[in-house]
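File shown here: query.txt, holding compact mmCIF, C-alpha atoms and all ligand atoms.
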# COMPACT_ATOMS: atom_id res chain seq x y z
CA MET A 20 96.35 119.77 96.15
CA GLN A 21 94.73 118.02 99.05
CA ASP A 22 97.46 116.59 101.25
CA ASP A 23 96.43 112.94 101.42
CA ALA A 24 94.52 110.79 98.94
CA SER A 25 93.46 107.16 98.87
CA GLU A 26 91.64 105.02 96.33
CA THR A 27 90.82 101.32 95.90
CA ILE A 28 90.63 99.81 92.42
CA VAL A 29 89.12 96.38 91.79
CA LEU A 30 91.39 94.24 89.61
CA ARG A 31 89.64 91.68 87.45
CA ALA A 32 90.80 92.16 83.88
CA GLN A 33 93.49 93.72 81.72
CA HIS A 34 91.76 97.13 81.54
CA ASP A 35 91.83 97.37 85.37
CA ILE A 36 95.64 97.40 85.16
CA THR A 37 95.32 100.47 82.94
CA ARG A 38 93.12 102.09 85.59
CA VAL A 39 95.83 101.57 88.21
CA ARG A 40 98.44 103.10 85.90
CA ARG A 41 96.18 106.08 85.20
CA ALA A 42 95.28 106.71 88.86
CA LEU A 43 98.94 106.52 89.90
CA THR A 44 100.10 108.79 87.08
CA LEU A 45 97.51 111.38 88.10
CA LEU A 46 98.47 111.31 91.79
CA LEU A 47 102.19 111.29 91.07
CA THR A 48 101.83 114.25 88.74
CA ARG A 49 99.99 116.17 91.47
CA ALA A 50 102.80 115.25 93.88
CA SER A 51 105.37 116.70 91.46
CA ALA A 52 107.12 113.34 91.15
CA LYS A 53 110.12 113.35 88.82
CA PRO A 54 109.72 111.45 85.52
CA THR A 55 112.05 108.64 86.65
CA GLU A 56 110.23 108.29 90.00
CA MET A 57 106.96 108.10 88.12
CA THR A 58 108.18 105.50 85.59
CA LYS A 59 109.68 103.28 88.29
CA PHE A 60 106.62 103.22 90.52
CA VAL A 61 104.05 102.91 87.74
CA THR A 62 106.05 100.07 86.14
CA ALA A 63 106.31 98.19 89.45
CA ALA A 64 102.60 98.67 90.13
CA SER A 65 101.68 97.47 86.64
CA GLU A 66 103.59 94.22 87.11
CA LEU A 67 101.98 93.59 90.50
CA ALA A 68 98.52 94.42 89.17
CA ARG A 69 99.13 92.00 86.29
CA ASN A 70 100.13 89.28 88.77
CA THR A 71 96.99 89.94 90.83
CA VAL A 72 94.84 89.42 87.73
CA LEU A 73 96.78 86.55 86.12
CA HIS A 74 98.00 84.53 89.10
CA GLY A 75 95.80 85.72 91.97
CA GLY A 76 92.48 85.39 90.17
CA GLY A 77 91.73 89.08 90.68
CA GLY A 78 91.75 91.30 93.77
CA THR A 79 92.26 94.94 94.67
CA ALA A 80 94.85 97.69 94.50
CA THR A 81 94.70 100.34 97.22
CA ILE A 82 96.63 103.47 96.35
CA GLU A 83 97.67 106.00 98.98
CA LEU A 84 99.44 109.31 98.68
CA THR A 85 100.53 110.91 101.94
CA ARG A 86 102.33 114.17 102.64
CA GLU A 87 105.72 113.83 104.26
CA ARG A 88 107.93 116.50 105.78
CA LYS A 89 109.51 116.96 102.34
CA GLY A 90 107.59 115.74 99.33
CA PHE A 91 105.18 112.79 99.36
CA ARG A 92 105.01 109.05 99.90
CA ILE A 93 103.19 106.92 97.34
CA SER A 94 102.09 103.43 98.42
CA THR A 95 100.04 100.72 96.81
CA ILE A 96 98.77 97.49 98.38
CA PHE A 97 97.81 94.59 96.09
CA GLU A 98 95.60 91.94 97.66
CA ASP A 99 94.07 88.75 96.31
CA ALA A 100 92.55 85.59 97.72
CA GLY A 101 94.22 83.38 95.14
CA PRO A 102 96.41 80.27 95.52
CA GLY A 103 99.33 82.12 97.14
CA ILE A 104 103.03 81.81 96.26
CA ALA A 105 104.52 78.52 97.45
CA ASP A 106 108.17 79.67 97.40
CA VAL A 107 108.48 83.46 97.63
CA GLU A 108 112.28 83.46 97.38
CA ALA A 109 112.14 81.48 94.13
CA ALA A 110 109.30 83.63 92.77
CA LEU A 111 111.43 86.77 93.26
CA ARG A 112 114.29 85.32 91.18
CA SER A 113 114.61 86.47 87.56
CA GLY A 114 113.26 83.85 85.18
CA PHE A 115 111.06 82.00 87.67
CA THR A 116 107.53 81.55 86.39
CA THR A 117 104.72 79.06 86.83
CA GLY A 118 102.94 80.58 83.82
CA SER A 119 103.96 81.61 80.34
CA GLY A 120 105.58 84.92 81.30
CA LEU A 121 109.26 85.79 81.51
CA GLY A 122 109.33 85.60 85.30
CA LEU A 123 110.64 89.14 85.64
CA GLY A 124 107.68 90.96 87.18
CA LEU A 125 108.03 90.31 90.88
CA GLY A 126 111.82 90.75 91.15
CA GLY A 127 111.65 93.76 88.86
CA ALA A 128 108.95 95.41 90.96
CA LYS A 129 111.05 94.90 94.11
CA ARG A 130 114.06 96.59 92.54
CA LEU A 131 112.01 99.59 91.37
CA CYS A 132 110.63 100.56 94.81
CA GLU A 133 112.09 101.67 98.12
CA VAL A 134 109.77 99.44 100.17
CA PHE A 135 108.59 96.00 99.02
CA GLU A 136 106.68 93.74 101.44
CA LEU A 137 105.20 90.43 100.34
CA VAL A 138 103.07 88.11 102.47
CA SER A 139 101.57 85.04 100.84
CA SER A 140 99.95 81.79 101.86
CA ALA A 141 97.70 79.16 100.33
CA GLU A 142 95.03 80.04 102.93
CA ALA A 143 95.02 83.84 102.76
CA GLY A 144 96.28 84.56 99.24
CA THR A 145 98.84 87.23 98.42
CA ARG A 146 99.41 90.74 99.73
CA VAL A 147 102.16 92.97 98.34
CA ARG A 148 102.85 96.50 99.56
CA ILE A 149 105.13 98.84 97.65
CA SER A 150 106.08 102.35 98.66
CA SER A 151 108.46 105.11 97.59
CA ARG A 152 109.13 108.73 98.49
CA VAL A 153 108.60 111.10 95.57
CA GLY A 154 108.76 114.74 94.65
CA LEU A 155 111.44 115.73 97.15
CA ARG A 156 112.47 119.33 96.79
N1 LIG A 201 99.44 87.30 93.19
C1 LIG A 201 100.00 86.09 92.96
N2 LIG A 201 99.33 84.95 93.31
C2 LIG A 201 99.88 83.74 93.09
N3 LIG A 201 101.10 83.56 92.53
C3 LIG A 201 101.79 84.65 92.16
C4 LIG A 201 101.30 85.97 92.35
N4 LIG A 201 102.22 86.84 91.91
C5 LIG A 201 103.25 86.10 91.46
N5 LIG A 201 103.01 84.78 91.60
C6 LIG A 201 103.91 83.66 91.26
O1 LIG A 201 105.23 84.15 91.14
C7 LIG A 201 105.75 83.85 89.85
C8 LIG A 201 106.71 84.92 89.42
O2 LIG A 201 106.00 86.14 89.19
P1 LIG A 201 106.60 87.18 88.13
O3 LIG A 201 105.70 88.34 88.04
O4 LIG A 201 108.04 87.43 88.48
O5 LIG A 201 106.60 86.34 86.76
P2 LIG A 201 105.39 85.99 85.78
O6 LIG A 201 104.17 86.76 86.17
O7 LIG A 201 105.26 84.52 85.73
O8 LIG A 201 105.95 86.53 84.40
P3 LIG A 201 106.13 88.08 83.95
O9 LIG A 201 105.68 88.95 85.08
O10 LIG A 201 107.59 88.25 83.65
O11 LIG A 201 105.27 88.20 82.75
C9 LIG A 201 104.55 83.64 88.96
O12 LIG A 201 104.81 82.82 87.84
C10 LIG A 201 103.55 82.99 89.93
O13 LIG A 201 103.82 81.63 90.07
MG MG A 202 104.22 88.80 86.50
Encoded form using structure tokens:
Amino acid sequence: MQDDASETIVLRAQHDITRVRRALTLLLTRASAKPTEMTKFVTAASELARNTVLHGGGGTATIELTRERKGFRISTIFEDAGPGIADVEAALRSGFTTGSGLGLGLGGAKRLCEVFELVSSAEAGTRVRISSRVGLR
């Protein structure tokens, strides 16, 4: 396959979350990611995409696959211009929700990835970057 790939998906509705899952599954398959690596990353990305749609009022997911010395690195950046997260530490805790969910998405996503970076403010909205190495041989 081509060494590096990048793609931006607009997130407005439920079916856009499916598009993120599908794009990631395709790239991760090409990168020879192991089934567990694939499940972890796609699950984390689904939760973040859902948050972008439900809490952030929509936004984008930018997916990047880059070649590393051994294997690949998969990254996805979720961005929205929504209300932001007032207390990030609280939002990461299991059971914290301002909606009708279980409050497991954000903390769960963090545990499923090697890199989890979250920047949020009422002015600029929310930006979450997740990244993991996959397909190491
Ligand atoms: N992109 C976002 N913009 C604004 N607030 C957010 C965003 N993502 C998360 N939050 C806030 O963080 C809280 C916790 O998010 P988390 O995904 O853990 O739970 P949830 O979405 O409420 O429920 P679940 O994901 O379990 O269905 C949300 O209830 C919401 O208040
Ligand atoms: Mg959620």
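Between CA of Arg86 (chain A) and CA of Ala42 (chain A) the interatomic distance comes to 17.2 Å.
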Exercise for the section: Could you tell me how far CA of Ser151 (chain A) lies from CA of Lys59 (chain A), in Å and to one decimal? Expected result: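 A separation of 9.6 Å between them.
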What do you get as a PDB file with C-alpha atoms, keeping the file's coordinate frame if you pick all residues at most 6 Å from ligand LIG 201 (chain A), counting all atoms listed in the file?
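Okay, part_2.pdb is ready:
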ATOM      1  CA  ASN A  70     100.130  89.280  88.770  1.00  0.00           C
ATOM      2  CA  THR A  71      96.990  89.940  90.830  1.00  0.00           C
ATOM      3  CA  HIS A  74      98.000  84.530  89.100  1.00  0.00           C
ATOM      4  CA  GLY A  75      95.800  85.720  91.970  1.00  0.00           C
ATOM      5  CA  GLY A 101      94.220  83.380  95.140  1.00  0.00           C
ATOM      6  CA  PRO A 102      96.410  80.270  95.520  1.00  0.00           C
ATOM      7  CA  GLY A 103      99.330  82.120  97.140  1.00  0.00           C
ATOM      8  CA  ILE A 104     103.030  81.810  96.260  1.00  0.00           C
ATOM      9  CA  ALA A 110     109.300  83.630  92.770  1.00  0.00           C
ATOM     10  CA  LEU A 111     111.430  86.770  93.260  1.00  0.00           C
ATOM     11  CA  PHE A 115     111.060  82.000  87.670  1.00  0.00           C
ATOM     12  CA  THR A 116     107.530  81.550  86.390  1.00  0.00           C
ATOM     13  CA  THR A 117     104.720  79.060  86.830  1.00  0.00           C
ATOM     14  CA  GLY A 118     102.940  80.580  83.820  1.00  0.00           C
ATOM     15  CA  GLY A 120     105.580  84.920  81.300  1.00  0.00           C
ATOM     16  CA  LEU A 121     109.260  85.790  81.510  1.00  0.00           C
ATOM     17  CA  GLY A 122     109.330  85.600  85.300  1.00  0.00           C
ATOM     18  CA  LEU A 123     110.640  89.140  85.640  1.00  0.00           C
ATOM     19  CA  GLY A 124     107.680  90.960  87.180  1.00  0.00           C
ATOM     20  CA  LEU A 125     108.030  90.310  90.880  1.00  0.00           C
ATOM     21  CA  GLY A 126     111.820  90.750  91.150  1.00  0.00           C
ATOM     22  CA  THR A 145      98.840  87.230  98.420  1.00  0.00           C
TER      23      THR A 145
END
Practice task
Can you pull out every residue within 9 Å of Ala50 (chain A), counting only C-alpha atoms, but drop anything in the same chain fewer than 5 positions away, and send it as a PyMOL selection string?
Solution key: chain A and resi 20+45+84+86+90-92+153-154
Practice task
Determine the nearest neighbour of ligand MG 202 (chain A) from the options A:Ser119, A:Gly77, A:Asp106, A:Gln33, counting all atoms listed in the file.
Solution key: A:Ser119
Completion exercise
Shortest contact to Thr27 (chain A), candidates A:Glu98, A:Glu66, A:Glu56, A:Glu87, atoms counted all atoms listed in the file, goes to A:Glu98
Exercise for the section: Could you tell me how far CA of Gly127 (chain A) lies from CA of Asp23 (chain A), in Å and to one decimal? Expected result: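 Taking CA of Gly127 (chain A) and CA of Asp23 (chain A), their separation equals 27.5 Å.
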Practice task
Kindly extract all protein, DNA and RNA residues lying within 9 Å of the coordinates (100.0, 103.4, 91.1) given in the file, considering all atoms listed in the file, and supply them as a PyMOL selection string.
Solution key: chain A and resi 38-47+57+60-65+80-83+93-95
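Closest to ligand MG 202 (chain A) among A:Arg152, A:Arg112, A:Arg88, A:Arg69 is A:Arg69, based on all atoms listed in the file.
When all atoms listed in the file are used to compute distances to ligand MG 202 (chain A), the closest of the residues A:Arg156, A:His34, A:Lys129, A:Arg148 turns out to be A:Lys129.
Between ligand MG 202 (chain A) and the candidates A:Ser25, A:Ser113, A:Thr37, A:Thr48, the tightest atom-to-atom separation, counting only C-alpha atoms and all ligand atoms, involves A:Ser113.
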Would you kindly return, as a PDB file with C-alpha atoms, keeping the file's coordinate frame, each protein, DNA or RNA residue with an atom no farther than 9 Å from any atom of Val107 (chain A), considering all atoms listed in the file and excluding same-chain residues fewer than 6 positions away?
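Resulting contents of part_7.pdb:
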ATOM      1  CA  LEU A 137     105.200  90.430 100.340  1.00  0.00           C
ATOM      2  CA  VAL A 138     103.070  88.110 102.470  1.00  0.00           C
ATOM      3  CA  SER A 139     101.570  85.040 100.840  1.00  0.00           C
TER       4      SER A 139
END
Can you tell me which residues surround Gly76 (chain A) at a distance of at most 8 Å, considering only C-alpha atoms, apart from same-chain residues fewer than 3 positions away, and format the answer as an mmCIF file with C-alpha atoms, in the frame of the given file?
data_model
loop_
_atom_site.group_PDB
_atom_site.id
_atom_site.type_symbol
_atom_site.label_atom_id
_atom_site.label_comp_id
_atom_site.auth_asym_id
_atom_site.auth_seq_id
_atom_site.Cartn_x
_atom_site.Cartn_y
_atom_site.Cartn_z
ATOM 1 C CA ARG A 31 89.640 91.680 87.450
ATOM 2 C CA THR A 71 96.990 89.940 90.830
ATOM 3 C CA VAL A 72 94.840 89.420 87.730
ATOM 4 C CA LEU A 73 96.780 86.550 86.120
ATOM 5 C CA ASP A 99 94.070 88.750 96.310
ATOM 6 C CA ALA A 100 92.550 85.590 97.720
ATOM 7 C CA GLY A 101 94.220 83.380 95.140
#
Handout entry: Of the listed residues A:Ala128, A:Ala143, A:Ile96, A:Ala24, that which approaches ligand MG 202 (chain A) most closely, counting all atoms listed in the file
Key =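 Smallest separation from ligand MG 202 (chain A) among the options: A:Ala128.
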